[in-house]
>>> print(open('run-v5.cif').read())   # mmCIF, C-alpha atoms
data_entry
loop_
_atom_site.label_atom_id
_atom_site.label_comp_id
_atom_site.auth_asym_id
_atom_site.auth_seq_id
_atom_site.Cartn_x
_atom_site.Cartn_y
_atom_site.Cartn_z
CA MET D 1 0.00 0.00 0.00
CA ALA D 2 2.81 2.37 0.96
CA LYS D 3 4.65 1.44 -2.22
CA ASP D 4 1.60 2.38 -4.31
CA LYS D 5 1.46 5.81 -2.67
CA LEU D 6 5.14 6.41 -3.30
CA ALA D 7 5.01 5.22 -6.92
CA PRO D 8 5.63 8.18 -9.24
CA LYS D 9 2.76 9.28 -11.41
CA PRO D 10 3.38 9.32 -15.16
CA VAL D 11 4.29 12.76 -16.44
CA TYR D 12 2.19 12.32 -19.58
CA THR D 13 -0.86 10.23 -20.34
CA LYS D 14 -0.73 8.09 -23.48
CA GLU D 15 -3.03 10.54 -25.24
CA LYS D 16 -0.88 13.53 -24.34
CA ALA D 17 2.29 11.67 -25.34
CA ARG D 18 0.81 10.87 -28.77
CA HIS D 19 -0.25 14.48 -29.12
CA LEU D 20 3.25 15.77 -28.35
CA VAL D 21 4.87 13.32 -30.73
CA ARG D 22 2.52 14.41 -33.50
CA VAL D 23 3.17 18.09 -32.84
CA TYR D 24 6.95 17.72 -32.75
CA LEU D 25 6.98 15.55 -35.89
CA SER D 26 4.72 18.00 -37.74
CA VAL D 27 6.96 20.95 -36.91
CA LEU D 28 10.14 18.99 -37.67
CA CYS D 29 8.85 17.78 -41.05
CA ALA D 30 7.73 21.30 -42.01
CA LEU D 31 11.13 22.78 -41.14
CA LEU D 32 12.98 19.98 -42.95
CA LEU D 33 10.85 20.63 -46.04
CA ILE D 34 11.93 24.27 -46.09
CA ALA D 35 15.56 23.29 -45.55
CA TRP D 36 15.31 20.80 -48.44
CA LEU D 37 13.65 23.46 -50.63
CA ASN D 38 16.39 25.98 -49.96
CA LEU D 39 19.16 23.45 -50.43
CA PHE D 40 17.94 21.88 -53.64
CA ILE D 41 15.78 24.53 -55.33
CA VAL D 42 16.32 28.08 -54.03
CA ASN D 43 20.11 28.17 -53.58
CA PRO D 44 20.92 26.77 -57.06
CA LEU D 45 18.78 29.53 -58.59
CA LYS D 46 21.54 32.03 -57.77
CA LYS D 47 23.88 30.18 -60.12
CA ASP D 48 21.15 29.96 -62.77
CA ALA D 49 20.56 33.71 -62.47
CA LYS D 50 24.24 34.45 -63.23
CA GLU D 51 24.23 32.12 -66.23
CA MET D 52 21.07 33.72 -67.64
CA ALA D 53 21.99 37.33 -66.89
CA HIS D 54 22.38 38.03 -70.63
CA MET D 55 18.88 36.75 -71.47
CA ASP D 56 15.69 38.77 -71.85
CA PRO D 57 13.30 38.51 -68.84
CA SER D 58 10.56 36.97 -70.99
CA GLU D 59 13.00 34.30 -72.21
CA ILE D 60 13.96 33.42 -68.64
CA ILE D 61 10.33 33.06 -67.56
CA ALA D 62 9.52 30.91 -70.60
CA LEU D 63 12.31 28.46 -69.73
CA PRO D 64 11.08 25.84 -67.24
CA SER D 65 13.19 24.87 -64.25
CA ASP D 66 15.69 22.00 -64.32
CA ILE D 67 13.62 18.80 -64.49
CA ARG D 68 16.33 16.62 -62.94
CA ARG D 69 16.63 18.90 -59.92
CA LEU D 70 12.86 19.15 -59.64
CA THR D 71 12.40 15.36 -59.78
CA ILE D 72 14.97 14.68 -57.06
CA PHE D 73 13.47 17.41 -54.87
CA THR D 74 9.97 15.95 -55.23
CA ALA D 75 11.05 12.33 -54.74
CA LEU D 76 12.19 12.74 -51.12
CA PRO D 77 8.92 14.00 -49.56
CA VAL D 78 6.85 11.64 -51.74
CA VAL D 79 8.84 8.57 -50.66
CA PHE D 80 8.81 9.72 -47.02
CA ILE D 81 5.01 10.09 -47.01
CA MET D 82 4.56 6.66 -48.61
CA LEU D 83 6.81 5.08 -46.00
CA LEU D 84 4.64 6.65 -43.28
CA TRP D 85 1.56 5.14 -44.93
CA LEU D 86 3.25 1.74 -45.02
CA LYS D 87 4.18 1.96 -41.34
CA ASN D 88 0.97 3.42 -39.94
CA ASP D 89 -1.75 1.92 -42.12
CA ALA D 90 -0.39 -0.72 -44.52
CA ASN D 91 -3.88 -2.18 -45.12
CA ARG D 92 -5.02 1.05 -46.79
CA LEU D 93 -1.85 1.60 -48.82
CA THR D 94 -3.50 0.67 -52.13
CA SER D 95 -6.48 2.99 -51.60
CA LYS D 96 -4.17 5.83 -50.56
CA LEU D 97 -2.01 5.35 -53.65
CA LEU D 98 -5.16 5.43 -55.78
CA SER D 99 -6.31 8.64 -54.09
CA LEU D 100 -2.85 10.16 -54.56
CA THR D 101 -2.94 9.30 -58.26
CA LYS D 102 -6.39 10.86 -58.69
CA LEU D 103 -5.41 13.99 -56.78
CA THR D 104 -2.24 14.30 -58.89
CA LEU D 105 -4.27 14.15 -62.11
CA VAL D 106 -6.85 16.64 -60.78
CA THR D 107 -4.04 19.04 -59.82
CA TYR D 108 -2.43 18.58 -63.24
CA ALA D 109 -5.74 19.46 -64.91
CA LEU D 110 -6.10 22.54 -62.67
CA PHE D 111 -2.69 23.73 -63.85
CA GLY D 112 -4.04 23.61 -67.40
CA VAL D 113 -7.22 25.46 -66.45
CA ALA D 114 -5.07 28.15 -64.79
CA GLY D 115 -3.26 28.72 -68.10
CA SER D 116 -0.05 26.72 -67.67
CA ASN D 117 1.37 24.92 -70.70
CA ILE D 118 0.88 21.39 -69.40
CA VAL D 119 1.43 19.83 -72.83
CA ASP D 120 4.91 21.10 -73.71
CA ASN D 121 5.97 21.10 -70.06
CA TYR D 122 4.15 17.91 -69.11
CA ARG D 123 7.07 16.45 -67.13
CA HIS D 124 7.44 19.58 -65.02
CA SER D 125 3.68 19.86 -64.55
CA LEU D 126 3.18 16.21 -63.55
CA THR D 127 6.11 16.38 -61.11
CA ALA D 128 4.71 19.55 -59.53
CA ALA D 129 1.21 18.01 -59.40
CA LEU D 130 2.59 14.94 -57.60
CA PHE D 131 4.40 17.18 -55.11
CA VAL D 132 1.25 19.21 -54.38
CA ALA D 133 -0.88 16.06 -54.09
CA SER D 134 1.62 14.47 -51.70
CA LEU D 135 1.62 17.47 -49.37
CA ALA D 136 -2.16 17.71 -49.59
CA SER D 137 -2.44 14.00 -48.69
CA THR D 138 -1.16 14.85 -45.19
CA THR D 139 -4.46 16.69 -44.65
CA TRP D 140 -6.81 13.87 -45.71
CA THR D 141 -9.82 13.39 -43.47
CA GLY D 142 -9.75 9.59 -43.78
CA GLU D 143 -13.05 9.51 -45.64
CA GLU D 144 -12.96 7.15 -48.62
CA THR D 145 -14.95 8.46 -51.57
CA SER D 146 -14.81 8.45 -55.36
CA ASN D 147 -14.51 12.25 -55.28
CA VAL D 148 -10.93 12.79 -54.11
CA LEU D 149 -11.56 16.47 -53.33
CA LYS D 150 -14.03 15.41 -50.62
CA GLU D 151 -11.14 13.70 -48.84
CA LEU D 152 -9.62 17.13 -48.19
CA PRO D 153 -10.79 19.15 -45.15
CA PHE D 154 -12.08 22.23 -46.98
CA SER D 155 -14.92 22.63 -44.47
CA ASP D 156 -13.82 20.26 -41.71
CA SER D 157 -11.77 21.97 -39.00
CA SER D 158 -11.92 19.07 -36.52
CA ASP D 159 -8.23 18.49 -37.25
CA ILE D 160 -7.01 22.06 -36.94
CA VAL D 161 -3.47 21.23 -38.07
CA ALA D 162 -4.64 19.59 -41.30
CA PHE D 163 -7.19 22.36 -41.90
CA SER D 164 -4.59 25.12 -41.43
CA ARG D 165 -2.06 23.24 -43.52
CA LEU D 166 -4.44 22.90 -46.49
CA TYR D 167 -5.45 26.56 -46.51
CA GLY D 168 -1.88 27.64 -45.84
CA MET D 169 -0.85 25.87 -49.05
CA ILE D 170 -3.67 27.41 -51.07
CA LEU D 171 -3.38 30.98 -49.79
CA THR D 172 0.42 31.11 -50.00
CA THR D 173 0.61 29.61 -53.49
CA ILE D 174 -1.70 32.27 -54.97
CA PRO D 175 0.69 35.26 -54.52
CA PHE D 176 3.61 33.14 -55.77
CA CYS D 177 1.64 32.34 -58.93
CA VAL D 178 0.65 35.98 -59.40
CA THR D 179 4.35 36.87 -59.70
CA SER D 180 4.58 34.65 -62.78
CA ILE D 181 2.63 37.21 -64.84
CA LEU D 182 5.20 39.91 -64.10
CA ASP D 183 7.85 40.30 -66.77
CA ALA D 184 10.67 40.61 -64.23
CA GLY D 185 12.79 37.66 -65.30
CA MET D 186 13.16 36.32 -61.76
CA GLN D 187 14.27 32.71 -61.46
CA ILE D 188 11.43 32.03 -59.06
CA GLN D 189 9.00 32.76 -61.94
CA ARG D 190 10.14 29.76 -63.97
CA TRP D 191 7.57 26.99 -64.18
CA PRO D 192 6.68 25.27 -61.86
CA LEU D 193 8.68 27.03 -59.12
CA PRO D 194 5.81 29.33 -58.06
CA ILE D 195 3.80 26.18 -57.26
CA ILE D 196 6.68 24.35 -55.56
CA CYS D 197 7.74 27.31 -53.41
CA GLY D 198 4.21 28.47 -52.63
CA CYS D 199 3.08 25.03 -51.47
CA SER D 200 6.25 24.41 -49.47
CA TYR D 201 6.13 27.71 -47.60
CA GLY D 202 2.35 27.48 -47.25
CA TYR D 203 2.61 23.96 -45.83
CA THR D 204 5.09 25.18 -43.23
CA ILE D 205 3.18 28.33 -42.32
CA GLY D 206 -0.08 26.37 -42.10
CA THR D 207 1.54 23.74 -39.89
CA MET D 208 2.87 26.38 -37.49
CA ILE D 209 -0.50 28.14 -37.31
CA GLY D 210 -2.28 24.81 -36.82
CA VAL D 211 0.07 23.67 -34.06
CA THR D 212 -0.32 27.01 -32.27
CA ALA D 213 -4.11 26.86 -32.57
CA LEU D 214 -4.08 23.26 -31.33
CA TYR D 215 -2.05 24.30 -28.28
CA TYR D 216 -4.57 26.98 -27.25
CA GLN D 217 -7.43 24.63 -28.09
CA ARG D 218 -6.08 21.99 -25.72
CA LYS D 219 -5.33 24.57 -23.01
CA ALA D 220 -8.92 25.77 -23.18
CA LYS D 221 -10.17 22.17 -22.96
CA GLU D 222 -7.95 21.40 -19.96
CA GLY D 223 -9.16 24.61 -18.27
CA LYS D 224 -12.77 23.50 -18.56
CA GLU D 225 -11.99 20.05 -17.17
CA THR D 226 -10.25 21.39 -14.04
#
>>> encode(input="run-v5.cif", output="structure tokens")
Amino acid sequence: MAKDKLAPKPVYTKEKARHLVRVYLSVLCALLLIAWLNLFIVNPLKKDAKEMAHMDPSEIIALPSDIRRLTIFTALPVVFIMLLWLKNDANRLTSKLLSLTKLTLVTYALFGVAGSNIVDNYRHSLTAALFVASLASTTWTGEETSNVLKELPFSDSSDIVAFSRLYGMILTTIPFCVTSILDAGMQIQRWPLPIICGCSYGYTIGTMIGVTALYYQRKAKEGKET
């Protein structure tokens, strides 16, 4: 009896421990994505800018980004997300891959609707669409439906991190894409870098906002329980 009274109480409940692990992993993954973006996409643009200094701004914008660099950049987060699927929910791996494929094709079509040349630059466009779909897949609600867009939490804020992440991607990508109509000749205007950079920064910003909102949400809940 005395031993039971002296036994230390756990610092965290299992629920709280899972919550903290999720928060820390979300923040870590978001920061690593930005580090990977800067290392493999943004920093090499300085060298490209020097090599293209003699070119007309419109010529620079018309030239898509390096497909090899873009493919390697996209491959890492895509493979990482698939490995998480395999570890956490291997039974649904096939359905998730199917949803990812559909979302990639929908995103590719949206690029065309927005005015991008998805025929001549099909490799760049498909790679960018896969990247966007992969990041968006981290926000899926878990609902299985033939309409892949319904799997995204456009109106479901029950998972505040996923909700913030999705809208962070959308709202941050828009101003990046607007810059592509300016005839400034910036390297960041080359297709599909406005999409890649906008989604990456938006994913990170949305994650940080979501994690902060989740913290205050949990504090408010704990306050009501005490």
>>> resolve_selection(input="run-v5.cif", expression="the PyMOL selection byres ((chain D and resi 130) around 9)", output="MDAnalysis selection string")
chainID D and resid 74 78 100:101 103:105 107:108 125:129 131:135
>>> resolve_selection(input="run-v5.cif", expression="the PyMOL selection byres ((chain D and resi 211-218) around 8)", output="ChimeraX atom specification")
/D:23,27,160-161,207-210,219-222
>>> residues_around(input="run-v5.cif", residues="Phe176 in chain D", least_positions_apart="5", cutoff="9 Å", atoms="only C-alpha atoms", output="JSON, numbers by chain")
{"D": [188, 189, 193, 194, 195, 197, 198]}
>>> resolve_selection(input="run-v5.cif", expression="the PyMOL selection byres ((chain D and resi 139) around 7)", output="PyMOL selection string")
chain D and resi 136-138+140-141+152-153+162-163+166
>>> axis_aligned_box(input="run-v5.cif", around="range 161-164 of chain D", padding_each_side="6 Å", output="AutoDock Vina command-line options")
--center_x -5.3 --center_y 22.4 --center_z -40.0 --size_x 15.7 --size_y 17.5 --size_z 15.8
>>> residues_around(input="run-v5.cif", residues="Val42 in chain D", least_positions_apart="2", cutoff="12 Å", atoms="only C-alpha atoms", output="PyMOL selection string")
chain D and resi 34-40+44-49+65-66+69-70+73+186-190+193-194+196-197+200
>>> residues_around(input="run-v5.cif", residues="range 169-171 of chain D", least_positions_apart="2", cutoff="8 Å", atoms="only C-alpha atoms", output="VMD selection string")
chain D and resid 165 to 167 173 to 175 198 to 203 206
>>> atom_distance(input="run-v5.cif", atom1="CA of Asn43 in chain D", atom2="CA of Leu25 in chain D")
25.4 Å
>>> atom_distance(input="run-v5.cif", atom1="CA of Glu51 in chain D", atom2="CA of Ser116 in chain D")
24.9 Å
>>> atom_distance(input="run-v5.cif", atom1="CA of Leu33 in chain D", atom2="CA of Ser164 in chain D")
16.7 Å
>>> closest_residue(input="run-v5.cif", among="D:Cys29, D:Pro64, D:Ile41, D:Ala53", to="Ile118 in chain D", atoms="all atoms listed in the file")
D:Pro64
>>> decode(input="run-v5.cif", residues="range 175-198 of chain D", atoms="C-alpha atoms", output="PDB file, in the first residue's frame")
ATOM      1  CA  PRO D 175       0.691  35.256 -54.524  1.00  0.00           C
ATOM      2  CA  PHE D 176       3.611  33.141 -55.774  1.00  0.00           C
ATOM      3  CA  CYS D 177       1.642  32.342 -58.929  1.00  0.00           C
ATOM      4  CA  VAL D 178       0.654  35.984 -59.404  1.00  0.00           C
ATOM      5  CA  THR D 179       4.347  36.874 -59.701  1.00  0.00           C
ATOM      6  CA  SER D 180       4.581  34.652 -62.784  1.00  0.00           C
ATOM      7  CA  ILE D 181       2.631  37.208 -64.843  1.00  0.00           C
ATOM      8  CA  LEU D 182       5.200  39.914 -64.096  1.00  0.00           C
ATOM      9  CA  ASP D 183       7.852  40.300 -66.765  1.00  0.00           C
ATOM     10  CA  ALA D 184      10.673  40.612 -64.235  1.00  0.00           C
ATOM     11  CA  GLY D 185      12.791  37.663 -65.300  1.00  0.00           C
ATOM     12  CA  MET D 186      13.159  36.315 -61.755  1.00  0.00           C
ATOM     13  CA  GLN D 187      14.275  32.711 -61.461  1.00  0.00           C
ATOM     14  CA  ILE D 188      11.426  32.026 -59.059  1.00  0.00           C
ATOM     15  CA  GLN D 189       9.005  32.763 -61.936  1.00  0.00           C
ATOM     16  CA  ARG D 190      10.140  29.756 -63.974  1.00  0.00           C
ATOM     17  CA  TRP D 191       7.572  26.986 -64.181  1.00  0.00           C
ATOM     18  CA  PRO D 192       6.684  25.265 -61.856  1.00  0.00           C
ATOM     19  CA  LEU D 193       8.677  27.026 -59.124  1.00  0.00           C
ATOM     20  CA  PRO D 194       5.806  29.332 -58.056  1.00  0.00           C
ATOM     21  CA  ILE D 195       3.803  26.184 -57.261  1.00  0.00           C
ATOM     22  CA  ILE D 196       6.676  24.352 -55.564  1.00  0.00           C
ATOM     23  CA  CYS D 197       7.741  27.305 -53.410  1.00  0.00           C
ATOM     24  CA  GLY D 198       4.206  28.472 -52.635  1.00  0.00           C
TER      25      GLY D 198
END
